[in-house]
file input_31.tsv (TSV, C-alpha atoms)
chain	number	residue	atom	x	y	z
A	15	MET	CA	5.37	2.03	9.39
A	16	ASN	CA	1.92	3.10	10.58
A	17	TYR	CA	-0.66	0.56	11.68
A	18	PHE	CA	-4.30	0.57	10.60
A	19	VAL	CA	-7.56	-1.26	11.14
A	20	LYS	CA	-8.84	-3.26	8.21
A	21	GLY	CA	-12.39	-4.50	7.71
A	22	ASN	CA	-13.21	-7.83	6.09
A	23	PRO	CA	-16.39	-7.50	3.99
A	24	ASP	CA	-16.79	-11.29	3.96
A	25	LEU	CA	-17.26	-11.28	7.74
A	26	CYS	CA	-18.96	-7.92	8.37
A	27	ILE	CA	-22.70	-8.24	8.99
A	28	GLY	CA	-23.25	-4.47	9.15
A	29	CYS	CA	-24.34	-4.42	12.82
A	30	ARG	CA	-22.52	-1.13	13.54
A	31	THR	CA	-21.23	-2.34	16.92
A	32	CYS	CA	-17.83	-0.96	15.86
A	33	MET	CA	-19.32	2.53	15.48
A	34	ILE	CA	-20.85	2.43	18.95
A	35	GLY	CA	-17.66	0.95	20.44
A	36	CYS	CA	-15.68	3.77	18.84
A	37	VAL	CA	-17.87	6.48	20.37
A	38	VAL	CA	-17.85	4.86	23.81
A	39	ALA	CA	-14.06	4.48	23.70
A	40	HIS	CA	-13.57	8.16	22.89
A	41	GLU	CA	-16.43	9.75	24.84
A	42	GLY	CA	-16.91	7.44	27.82
A	43	LEU	CA	-19.91	5.55	29.15
A	44	HIS	CA	-21.71	8.77	30.07
A	45	ILE	CA	-23.19	8.91	26.56
A	46	PHE	CA	-25.68	6.28	27.69
A	47	GLU	CA	-26.96	8.57	30.43
A	48	ILE	CA	-27.54	11.78	28.51
A	49	ASP	CA	-30.37	13.03	26.31
A	50	PRO	CA	-29.60	11.62	22.84
A	51	ASP	CA	-30.80	14.84	21.21
A	52	SER	CA	-28.22	16.87	23.12
A	53	TYR	CA	-25.36	14.88	21.69
A	54	THR	CA	-23.85	14.35	18.23
A	55	PHE	CA	-23.03	10.69	17.66
A	56	ASN	CA	-19.53	10.91	16.22
A	57	PRO	CA	-17.97	7.53	15.40
A	58	ARG	CA	-14.59	7.63	13.68
A	59	LEU	CA	-15.43	4.80	11.34
A	60	LYS	CA	-18.50	4.36	9.17
A	61	VAL	CA	-20.17	1.11	8.18
A	62	ILE	CA	-20.74	1.37	4.44
A	63	LYS	CA	-23.58	-0.63	2.93
A	64	THR	CA	-24.11	-0.91	-0.80
A	65	ALA	CA	-25.80	-3.59	-2.88
A	66	ARG	CA	-22.44	-5.33	-3.22
A	67	ILE	CA	-20.54	-4.74	0.01
A	68	THR	CA	-20.91	-4.13	3.74
A	69	VAL	CA	-17.78	-3.07	5.58
A	70	PRO	CA	-16.62	-0.28	7.87
A	71	VAL	CA	-14.40	2.40	6.34
A	72	GLN	CA	-11.89	4.30	8.42
A	73	CYS	CA	-8.52	6.05	8.31
A	74	LYS	CA	-5.68	4.06	6.68
A	75	HIS	CA	-3.00	5.93	8.64
A	76	CYS	CA	-1.13	6.58	5.40
A	77	GLU	CA	2.66	6.86	5.37
A	78	ASN	CA	2.52	10.09	3.41
A	79	PRO	CA	-0.83	11.40	4.62
A	80	ALA	CA	-2.73	13.71	2.29
A	81	CYS	CA	-4.51	15.21	5.33
A	82	MET	CA	-1.23	16.02	7.07
A	83	ALA	CA	0.26	17.58	3.94
A	84	VAL	CA	-2.58	20.08	3.53
A	85	CYS	CA	-3.30	21.08	7.15
A	86	PRO	CA	-2.52	24.81	7.40
A	87	GLU	CA	-2.29	24.69	11.19
A	88	ASN	CA	0.01	21.66	11.40
A	89	CYS	CA	-2.54	19.86	13.60
A	90	ILE	CA	-1.96	16.44	12.07
A	91	GLN	CA	1.07	14.53	13.26
A	92	LEU	CA	2.48	11.01	13.36
A	93	VAL	CA	2.24	9.59	16.89
A	94	GLU	CA	3.15	5.98	17.73
A	95	ASN	CA	2.40	4.41	14.33
A	96	ALA	CA	-0.75	6.49	13.90
A	97	VAL	CA	-1.80	9.70	12.15
A	98	VAL	CA	-3.38	11.82	14.86
A	99	ILE	CA	-5.29	15.12	14.74
A	100	ASN	CA	-4.63	17.62	17.51
A	101	THR	CA	-8.19	18.87	17.83
A	102	ASP	CA	-7.13	21.65	20.22
A	103	LYS	CA	-5.34	23.31	17.30
A	104	CYS	CA	-7.89	22.43	14.59
A	105	ILE	CA	-9.63	25.47	13.07
A	106	GLY	CA	-12.23	23.42	11.19
A	107	CYS	CA	-11.10	24.44	7.71
A	108	LYS	CA	-12.13	21.09	6.19
A	109	THR	CA	-9.05	20.93	3.92
A	110	CYS	CA	-8.01	17.55	5.40
A	111	MET	CA	-11.53	16.27	4.87
A	112	MET	CA	-11.34	17.16	1.18
A	113	ALA	CA	-7.80	15.79	0.80
A	114	CYS	CA	-8.55	12.34	2.26
A	115	PRO	CA	-9.47	9.90	-0.53
A	116	TYR	CA	-11.14	7.53	1.95
A	117	GLY	CA	-13.72	9.92	3.34
A	118	ALA	CA	-12.21	9.06	6.72
A	119	ILE	CA	-12.36	12.58	8.18
A	120	GLU	CA	-15.43	14.58	9.02
A	121	MET	CA	-16.21	17.66	11.06
A	122	GLN	CA	-17.82	17.10	14.44
A	123	PRO	CA	-18.47	19.26	17.50
A	124	ASP	CA	-15.45	19.33	19.79
A	125	SER	CA	-15.77	16.56	22.38
A	126	GLY	CA	-15.07	19.08	25.15
A	127	HIS	CA	-18.36	20.81	24.14
A	128	ARG	CA	-16.52	24.11	23.78
A	129	VAL	CA	-18.29	26.92	21.97
A	130	GLN	CA	-17.13	29.78	19.80
A	131	THR	CA	-17.61	33.47	20.61
A	132	ASP	CA	-20.90	33.49	18.69
A	133	GLY	CA	-22.18	30.60	20.82
A	134	SER	CA	-22.02	27.98	18.05
A	135	PRO	CA	-20.23	24.72	18.84
A	136	ARG	CA	-16.56	24.49	18.06
A	137	MET	CA	-16.24	22.13	15.07
A	138	VAL	CA	-13.11	20.03	14.65
A	139	ALA	CA	-11.81	17.35	12.29
A	140	ASN	CA	-12.56	13.88	13.61
A	141	LYS	CA	-10.97	10.62	12.55
A	142	CYS	CA	-9.63	7.28	13.81
A	143	ASP	CA	-6.67	7.56	16.19
A	144	LEU	CA	-6.25	3.78	16.59
A	145	CYS	CA	-7.28	4.29	20.24
A	146	ILE	CA	-3.65	5.14	21.03
A	147	ASN	CA	-4.67	6.32	24.49
A	148	SER	CA	-6.20	2.96	25.39
A	149	LYS	CA	-4.24	-0.05	26.61
A	150	ARG	CA	-6.80	-2.35	25.01
A	151	GLY	CA	-5.98	-1.25	21.46
A	152	PRO	CA	-8.59	-0.25	18.88
A	153	GLU	CA	-12.04	-0.63	20.42
A	154	CYS	CA	-13.72	-1.41	17.07
A	155	VAL	CA	-11.51	-4.49	16.71
A	156	ARG	CA	-12.28	-5.57	20.26
A	157	VAL	CA	-16.06	-5.26	20.05
A	158	CYS	CA	-16.75	-6.69	16.57
A	159	PRO	CA	-18.88	-9.81	17.14
A	160	THR	CA	-17.79	-11.47	13.89
A	161	GLU	CA	-14.10	-10.56	14.19
A	162	ALA	CA	-14.36	-8.71	10.89
A	163	LEU	CA	-11.87	-6.02	11.97
A	164	THR	CA	-8.16	-6.52	12.49
A	165	LEU	CA	-5.30	-4.26	13.44
A	166	VAL	CA	-2.67	-4.56	10.69
A	167	THR	CA	0.91	-3.95	11.81
A	168	GLU	CA	4.17	-3.58	9.89
A	169	GLU	CA	5.10	-7.12	10.91
A	170	ASP	CA	1.78	-8.46	9.56
A	171	LEU	CA	2.41	-6.81	6.19
A	172	GLU	CA	5.98	-8.09	6.03
A	173	LYS	CA	4.89	-11.65	6.83
A	174	GLU	CA	2.11	-11.48	4.26
A	175	ASN	CA	4.49	-10.22	1.55
A	176	ALA	CA	7.03	-12.94	2.39
A	177	LYS	CA	4.32	-15.62	2.05
A	178	LYS	CA	3.12	-14.19	-1.25
A	179	ARG	CA	6.65	-14.09	-2.66
A	180	ILE	CA	7.28	-17.73	-1.78
A	181	ALA	CA	3.98	-18.72	-3.40
A	182	ALA	CA	4.85	-16.65	-6.49
A	183	ALA	CA	8.33	-18.21	-6.70
A	184	ARG	CA	6.90	-21.74	-6.37
A	185	ALA	CA	4.28	-21.09	-9.07
A	186	LEU	CA	6.91	-19.75	-11.46
A	187	ALA	CA	9.19	-22.70	-10.68
A	188	GLU	CA	6.34	-25.01	-11.81
A	189	VAL	CA	6.19	-23.10	-15.11
A	190	ASN	CA	9.96	-23.41	-15.50
A	191	GLY	CA	9.65	-27.18	-14.99
V	4	MET	CA	-9.52	-1.11	-27.57
V	5	ARG	CA	-6.46	-2.13	-25.60
V	6	ASN	CA	-5.38	-5.65	-26.48
V	7	GLU	CA	-1.65	-5.58	-25.86
V	8	MET	CA	-0.30	-7.55	-22.92
V	9	GLY	CA	2.16	-6.15	-20.44
V	10	SER	CA	5.75	-7.43	-20.54
V	11	PHE	CA	7.38	-8.51	-17.29
V	12	VAL	CA	10.62	-9.92	-15.96
V	13	ALA	CA	10.50	-13.59	-14.97
V	14	ALA	CA	13.15	-15.61	-13.20
V	15	ASP	CA	14.32	-19.16	-13.85
V	16	ASN	CA	14.80	-20.96	-10.55
V	17	THR	CA	16.98	-23.60	-12.21
V	18	LYS	CA	19.58	-20.89	-12.98
V	19	CYS	CA	19.30	-18.53	-9.98
V	20	THR	CA	22.05	-18.88	-7.40
V	21	GLY	CA	20.58	-16.26	-5.03
V	22	CYS	CA	23.53	-13.86	-5.44
V	23	LYS	CA	21.31	-10.75	-5.29
V	24	ALA	CA	23.19	-9.03	-8.12
V	25	CYS	CA	19.73	-8.22	-9.54
V	26	GLU	CA	18.72	-6.46	-6.33
V	27	MET	CA	21.90	-4.41	-6.25
V	28	ALA	CA	21.59	-3.44	-9.92
V	29	CYS	CA	17.95	-2.46	-9.38
V	30	PHE	CA	18.85	-0.28	-6.41
V	31	ALA	CA	21.76	1.34	-8.26
V	32	VAL	CA	19.89	2.32	-11.44
V	33	HIS	CA	16.94	3.73	-9.57
V	34	ASN	CA	19.14	5.81	-7.28
V	35	GLN	CA	21.50	7.50	-9.71
V	36	GLY	CA	19.83	10.75	-8.66
V	37	ASN	CA	20.95	9.94	-5.10
V	38	HIS	CA	24.61	9.86	-6.16
V	39	VAL	CA	24.75	6.07	-6.16
V	40	GLY	CA	27.49	5.01	-8.54
V	41	ASN	CA	29.32	1.77	-9.18
V	42	THR	CA	31.10	1.42	-5.85
V	43	VAL	CA	29.87	0.67	-2.35
V	44	GLY	CA	31.39	3.91	-1.06
V	45	THR	CA	28.83	5.92	-3.02
V	46	VAL	CA	25.88	4.37	-1.16
V	47	GLU	CA	24.61	6.66	1.59
V	48	LEU	CA	20.99	5.55	1.76
V	49	PRO	CA	19.17	2.30	2.63
V	50	ILE	CA	19.32	-0.31	-0.12
V	51	THR	CA	15.81	-0.82	-1.45
V	52	ALA	CA	15.43	-3.03	-4.51
V	53	ARG	CA	12.22	-3.44	-6.48
V	54	LEU	CA	12.56	-7.18	-6.79
V	55	TYR	CA	13.00	-9.63	-3.95
V	56	VAL	CA	15.27	-12.66	-3.95
V	57	THR	CA	12.98	-15.14	-2.24
V	58	ARG	CA	14.02	-18.36	-0.55
V	59	ALA	CA	11.87	-21.38	0.20
V	60	GLU	CA	13.16	-24.78	1.35
V	61	GLU	CA	13.47	-26.08	-2.20
V	62	LEU	CA	14.19	-23.00	-4.28
V	63	CYS	CA	15.58	-19.51	-4.51
V	64	MET	CA	14.65	-16.88	-7.07
V	65	PRO	CA	13.72	-13.22	-7.39
V	66	VAL	CA	10.05	-12.25	-7.39
V	67	GLN	CA	8.83	-9.02	-8.94
V	68	CYS	CA	5.88	-7.20	-10.50
V	69	ARG	CA	4.05	-8.97	-13.36
V	70	HIS	CA	2.63	-5.74	-14.76
V	71	CYS	CA	-0.80	-7.38	-14.64
V	72	ASP	CA	-3.23	-6.52	-17.39
V	73	ASN	CA	-6.09	-6.20	-14.90
V	74	SER	CA	-3.93	-4.75	-12.16
V	75	PRO	CA	-5.13	-5.13	-8.54
V	76	CYS	CA	-2.69	-2.42	-7.42
V	77	LEU	CA	-3.95	0.10	-9.96
V	78	ASN	CA	-7.55	-0.72	-9.19
V	79	SER	CA	-7.04	-0.48	-5.42
V	80	CYS	CA	-5.22	2.88	-5.48
V	81	THR	CA	-7.48	5.59	-4.08
V	82	ALA	CA	-5.02	8.40	-4.76
V	83	GLY	CA	-4.76	7.89	-8.52
V	84	ALA	CA	-1.03	7.30	-8.12
V	85	ILE	CA	-0.76	4.13	-10.25
V	86	ARG	CA	-1.06	4.39	-14.00
V	87	ARG	CA	-0.69	2.20	-17.08
V	88	GLU	CA	1.93	3.54	-19.45
V	89	GLU	CA	2.48	1.53	-22.63
V	90	GLU	CA	1.35	-1.63	-20.80
V	91	LYS	CA	3.70	-0.95	-17.89
V	92	ILE	CA	2.20	-0.34	-14.47
V	93	ILE	CA	3.92	2.70	-12.97
V	94	ILE	CA	3.65	4.22	-9.49
V	95	ASP	CA	3.77	8.01	-9.30
V	96	GLU	CA	5.76	8.51	-6.12
V	97	ASP	CA	4.74	12.15	-5.88
V	98	LYS	CA	1.06	11.23	-5.80
V	99	CYS	CA	1.38	8.19	-3.48
V	100	ILE	CA	-0.10	8.80	-0.03
V	101	GLY	CA	1.31	5.56	1.42
V	102	CYS	CA	-2.04	3.97	2.27
V	103	LYS	CA	-0.68	0.46	1.58
V	104	ASN	CA	-3.76	-0.68	-0.38
V	105	CYS	CA	-1.68	-1.65	-3.42
V	106	MET	CA	0.74	-3.56	-1.22
V	107	MET	CA	-2.10	-5.63	0.21
V	108	ALA	CA	-3.86	-6.03	-3.15
V	109	CYS	CA	-0.79	-7.41	-4.95
V	110	PRO	CA	-0.82	-11.23	-4.80
V	111	PHE	CA	2.91	-11.43	-5.59
V	112	GLY	CA	4.23	-9.32	-2.72
V	113	ALA	CA	5.82	-7.12	-5.37
V	114	ILE	CA	5.17	-3.76	-3.68
V	115	GLU	CA	6.95	-2.34	-0.65
V	116	LEU	CA	6.84	1.01	1.09
V	117	VAL	CA	10.24	2.67	1.00
V	118	PRO	CA	11.66	5.94	2.33
V	119	VAL	CA	11.93	8.72	-0.26
V	120	TYR	CA	15.36	10.18	-0.99
V	121	ARG	CA	16.10	13.07	-3.38
V	122	ALA	CA	19.63	14.14	-4.27
V	123	GLY	CA	20.94	11.82	-1.55
V	124	LYS	CA	18.85	13.44	1.19
V	125	GLU	CA	15.84	12.07	3.06
V	126	VAL	CA	12.59	13.77	2.11
V	127	LEU	CA	10.63	14.66	5.24
V	128	LEU	CA	6.89	14.89	5.66
V	129	PRO	CA	5.74	18.51	5.76
V	130	GLY	CA	5.92	19.88	9.29
V	131	SER	CA	7.42	16.67	10.65
V	132	THR	CA	10.72	14.98	11.31
V	133	GLU	CA	9.42	11.70	9.85
V	134	VAL	CA	10.74	10.50	6.51
V	135	ARG	CA	8.26	10.43	3.68
V	136	LYS	CA	7.47	6.96	2.34
V	137	THR	CA	6.07	5.80	-0.95
V	138	ALA	CA	4.94	2.56	-2.53
V	139	SER	CA	7.67	1.22	-4.77
V	140	LYS	CA	7.78	-1.54	-7.34
V	141	CYS	CA	9.39	-2.64	-10.61
V	142	ASP	CA	8.93	-0.14	-13.45
V	143	LEU	CA	10.74	-2.35	-15.99
V	144	CYS	CA	13.45	0.34	-16.02
V	145	VAL	CA	11.10	2.41	-18.13
V	146	LYS	CA	13.73	5.12	-18.62
V	147	ARG	CA	16.55	2.76	-19.59
V	148	GLY	CA	15.38	0.14	-22.06
V	149	ILE	CA	16.58	-3.27	-20.89
V	150	PRO	CA	15.75	-3.89	-17.21
V	151	ALA	CA	18.90	-3.60	-15.06
V	152	CYS	CA	18.19	-6.90	-13.26
V	153	VAL	CA	18.14	-8.82	-16.56
V	154	ASN	CA	21.44	-7.22	-17.56
V	155	ALA	CA	23.09	-7.82	-14.21
V	156	CYS	CA	22.27	-11.51	-13.68
V	157	PRO	CA	25.52	-13.48	-14.10
V	158	ASN	CA	23.59	-16.69	-14.90
V	159	GLN	CA	20.97	-15.29	-17.28
V	160	ALA	CA	18.32	-16.39	-14.82
V	161	LEU	CA	16.19	-13.34	-15.55
V	162	SER	CA	14.50	-12.53	-18.83
V	163	LEU	CA	12.09	-9.93	-20.10
V	164	VAL	CA	9.01	-11.86	-21.16
V	165	THR	CA	7.12	-10.39	-24.11
V	166	PRO	CA	3.89	-12.40	-24.03
V	167	GLU	CA	2.91	-11.83	-27.71
V	168	ALA	CA	6.30	-12.96	-29.01
V	169	GLU	CA	6.32	-15.96	-26.68
V	170	LEU	CA	2.83	-17.01	-27.79
V	171	ALA	CA	3.72	-16.57	-31.48
V	172	ASP	CA	6.74	-18.88	-31.02
V	173	LYS	CA	4.69	-21.49	-29.18
V	174	ARG	CA	2.00	-21.45	-31.87
V	175	ILE	CA	4.53	-21.92	-34.67
V	176	GLN	CA	5.97	-24.89	-32.77
V	177	ALA	CA	2.46	-26.24	-32.23
V	178	ALA	CA	1.65	-25.84	-35.94
V	179	LEU	CA	4.84	-27.66	-36.95
V	180	ALA	CA	4.09	-30.44	-34.46
V	181	LEU	CA	0.57	-30.74	-35.79
V	182	ALA	CA	1.91	-31.03	-39.34
V	183	LEU	CA	3.83	-34.16	-38.29
V	184	THR	CA	0.63	-35.81	-37.07
V	185	ASN	CA	-0.93	-35.41	-40.54
V	186	GLN	CA	1.77	-37.37	-42.45
V	187	ALA	CA	0.40	-40.87	-41.86
call {"tool": "encode", "arguments": {"input": "input_31.tsv", "output": "structure tokens"}}
result
Amino acid sequence: MNYFVKGNPDLCIGCRTCMIGCVVAHEGLHIFEIDPDSYTFNPRLKVIKTARITVPVQCKHCENPACMAVCPENCIQLVENAVVINTDKCIGCKTCMMACPYGAIEMQPDSGHRVQTDGSPRMVANKCDLCINSKRGPECVRVCPTEALTLVTEEDLEKENAKKRIAAARALAEVNG
Amino acid sequence: MRNEMGSFVAADNTKCTGCKACEMACFAVHNQGNHVGNTVGTVELPITARLYVTRAEELCMPVQCRHCDNSPCLNSCTAGAIRREEEKIIIDEDKCIGCKNCMMACPFGAIELVPVYRAGKEVLLPGSTEVRKTASKCDLCVKRGIPACVNACPNQALSLVTPEAELADKRIQAALALALTNQA
């Protein structure tokens, strides 16, 4: 089963440290040394703020991903419990972006700053990859000051379901007397 | 306006022996399209039941979907894959994207992600060698009538609860009891 990062709206204070952590993890520390106007800030999760809720939203790494099913170039694959976009193959067609019900994918300039033949930046689909290339795990989870983000694994879900079932059985046993 | 309540299967822990006949029956009826018949030799796919015989120190009984009237699973589904059909909560496995929201939203642990099989064969994700998965839960044997688990239980530990009928019975009993208090 795929893993995913889950935000807790009761703990999130909307500070957006996760978004900055995400960009630094994927782009490197050099983003602090360049002209901000020359660079597109491209976090792979977005802190959502409404009157009722504040929480980051990101890819759920679905088991049957809508993005993967619609990609005409087969750029989206399952890699180590994550749904990962191969941006080298991405043609920027936006179909995955429209298919994702979470709004977890958006188009961003290629991080290699490559350009197209007409000189415009190469745009590719961008989404959470669970920081699979980092030994430290998802950076958003690591940097959140209120510990509002957690990496949810298959084992976590299984344990949670087992606990719920025992609670449900005990409650029903009370009813049965 | 909708005012019917959803039926559900409930277990009686005082009768359940933990034999898992309910789980086997559930698996068998939902996999007839996968050539699962009445003998073990016909089973060529993983056994995935839609109810879970649950053990705690002091009890043992199956736990399954309550077909909630204000369903957390339905309300948490972003893919529109969970619908209410005659007060039953049904997952559309073709629409499910496997995001696991429903699984986390359900307070009973009644939803699991299971591999998809059609005609006895694994269904693969497009362009991948990975097996497709879908959220799966009790559908009250919507295509069969009486739920298979209820039929299969050798100790009648499972019953299909029809809330309206149960309430009507309780109220008649209450009315009769109240009549006795007026006789003095």
call {"tool": "interface_residues", "arguments": {"input": "input_31.tsv", "of": "chain A", "to": "chain V", "cutoff": "7 Å", "atoms": "only C-alpha atoms", "output": "list in words"}}
result
Lys74, His75, Cys76, Glu77, Asn78, Pro79, Ala80, Ala83, Asn88, Pro115, Asn175, Ala176, Lys178, Arg179, Ile180, Ala182, Ala183, Ala187 and Asn190 of chain A
call {"tool": "residues_around", "arguments": {"input": "input_31.tsv", "residues": "V:Cys25", "least_positions_apart": "5", "cutoff": "10 Å", "atoms": "all atoms listed in the file", "output": "list in words"}}
result
Phe30, Ala31, Ala52, Arg53, Leu54, Tyr55, Val56, Pro65, Pro150, Ala151, Cys152, Val153, Asn154, Ala155, Cys156, Pro157, Ala160 and Leu161 of chain V
call {"tool": "atom_distance", "arguments": {"input": "input_31.tsv", "atom1": "atom CA of V:Ser74", "atom2": "atom CA of V:Lys91"}}
result
10.3 Å
call {"tool": "residues_around", "arguments": {"input": "input_31.tsv", "residues": "stretch 158-161 of chain A", "least_positions_apart": "2", "cutoff": "8 Å", "atoms": "only C-alpha atoms", "output": "number ranges by chain"}}
result
A: 25-27, 31-32, 154-156, 163-164
call {"tool": "closest_residue", "arguments": {"input": "input_31.tsv", "among": "A:Gln72, A:Asn95, A:Ser148, A:Asn100", "to": "A:Gly117", "atoms": "all atoms listed in the file"}}
result
A:Gln72
call {"tool": "residues_around", "arguments": {"input": "input_31.tsv", "residues": "stretch 132-135 of chain A", "least_positions_apart": "5", "cutoff": "8 Å", "atoms": "all atoms listed in the file", "output": "VMD selection string"}}
result
chain A and resid 123 to 124 127
call {"tool": "atom_distance", "arguments": {"input": "input_31.tsv", "atom1": "atom CA of A:Ala96", "atom2": "atom CA of A:Ile146"}}
result
7.8 Å
call {"tool": "closest_residue", "arguments": {"input": "input_31.tsv", "among": "V:Leu163, V:Glu169, V:Cys19, V:Glu96", "to": "V:Val126", "atoms": "all atoms listed in the file"}}
result
V:Glu96
call {"tool": "residues_around", "arguments": {"input": "input_31.tsv", "residues": "A:Thr101", "least_positions_apart": "4", "cutoff": "12 Å", "atoms": "only C-alpha atoms", "output": "list of chain:residue names"}}
result
A:Cys85, A:Glu87, A:Asn88, A:Cys89, A:Ile90, A:Gln91, A:Ile105, A:Gly106, A:Cys107, A:Met121, A:Gln122, A:Pro123, A:Asp124, A:Ser125, A:Gly126, A:Arg128, A:Arg136, A:Met137, A:Val138, A:Ala139, A:Asn140, A:Lys141, A:Asp143
call {"tool": "closest_residue", "arguments": {"input": "input_31.tsv", "among": "V:Glu26, V:Thr51, V:Val32, V:Val145", "to": "V:Val119", "atoms": "all atoms listed in the file"}}
result
V:Thr51
call {"tool": "residues_around", "arguments": {"input": "input_31.tsv", "residues": "V:Glu88", "least_positions_apart": "5", "cutoff": "12 Å", "atoms": "all atoms listed in the file", "output": "NGL selection string"}}
result
:V and (5 or 7-10 or 70 or 72 or 77 or 93-95 or 142-143 or 145-146)
call {"tool": "atom_distance", "arguments": {"input": "input_31.tsv", "atom1": "atom CA of V:Thr20", "atom2": "atom CA of A:Glu188"}}
result
17.4 Å
call {"tool": "axis_aligned_box", "arguments": {"input": "input_31.tsv", "around": "stretch 106-118 of chain V", "padding_each_side": "4 Å", "output": "AutoDock Vina command-line options"}}
result
--center_x 3.9 --center_y -2.7 --center_z -1.6 --size_x 23.5 --size_y 25.4 --size_z 15.9
call {"tool": "decode", "arguments": {"input": "input_31.tsv", "residues": "stretch 69-84 of chain V", "atoms": "N, CA and C atoms", "output": "JSON list (two decimals), in the first residue's frame"}}
result
[["chain", "number", "residue", "atom", "x", "y", "z"],
["V", 69, "ARG", "N", -22.00, -0.16, 9.25],
["V", 69, "ARG", "CA", -23.31, 0.13, 9.85],
["V", 69, "ARG", "C", -24.25, 0.83, 8.85],
["V", 70, "HIS", "N", -23.77, 1.08, 7.66],
["V", 70, "HIS", "CA", -24.57, 1.80, 6.67],
["V", 70, "HIS", "C", -25.14, 3.07, 7.31],
["V", 71, "CYS", "N", -24.23, 3.86, 7.85],
["V", 71, "CYS", "CA", -24.58, 5.08, 8.59],
["V", 71, "CYS", "C", -25.51, 5.98, 7.78],
["V", 72, "ASP", "N", -26.39, 6.66, 8.47],
["V", 72, "ASP", "CA", -27.32, 7.55, 7.79],
["V", 72, "ASP", "C", -26.67, 8.88, 7.42],
["V", 73, "ASN", "N", -25.58, 9.21, 8.11],
["V", 73, "ASN", "CA", -24.86, 10.45, 7.85],
["V", 73, "ASN", "C", -23.41, 10.02, 7.65],
["V", 74, "SER", "N", -23.19, 9.30, 6.54],
["V", 74, "SER", "CA", -22.02, 8.45, 6.37],
["V", 74, "SER", "C", -20.69, 9.20, 6.25],
["V", 75, "PRO", "N", -19.76, 9.01, 7.19],
["V", 75, "PRO", "CA", -18.44, 9.65, 7.05],
["V", 75, "PRO", "C", -17.71, 9.22, 5.78],
["V", 76, "CYS", "N", -17.85, 7.95, 5.39],
["V", 76, "CYS", "CA", -17.15, 7.47, 4.20],
["V", 76, "CYS", "C", -17.65, 8.18, 2.96],
["V", 77, "LEU", "N", -18.97, 8.24, 2.83],
["V", 77, "LEU", "CA", -19.57, 8.90, 1.66],
["V", 77, "LEU", "C", -19.16, 10.37, 1.62],
["V", 78, "ASN", "N", -19.20, 11.00, 2.78],
["V", 78, "ASN", "CA", -18.90, 12.44, 2.82],
["V", 78, "ASN", "C", -17.41, 12.73, 2.63],
["V", 79, "SER", "N", -16.54, 11.73, 2.89],
["V", 79, "SER", "CA", -15.11, 11.98, 2.74],
["V", 79, "SER", "C", -14.59, 11.59, 1.36],
["V", 80, "CYS", "N", -15.43, 10.94, 0.55],
["V", 80, "CYS", "CA", -14.97, 10.46, -0.76],
["V", 80, "CYS", "C", -14.87, 11.60, -1.74],
["V", 81, "THR", "N", -13.66, 11.84, -2.26],
["V", 81, "THR", "CA", -13.46, 12.95, -3.19],
["V", 81, "THR", "C", -13.70, 12.52, -4.64],
["V", 82, "ALA", "N", -13.82, 11.22, -4.86],
["V", 82, "ALA", "CA", -13.96, 10.72, -6.22],
["V", 82, "ALA", "C", -15.41, 10.42, -6.59],
["V", 83, "GLY", "N", -16.33, 10.66, -5.67],
["V", 83, "GLY", "CA", -17.74, 10.38, -5.94],
["V", 83, "GLY", "C", -17.99, 8.90, -6.12],
["V", 84, "ALA", "N", -17.21, 8.06, -5.44],
["V", 84, "ALA", "CA", -17.31, 6.62, -5.65],
["V", 84, "ALA", "C", -18.21, 5.94, -4.62]]
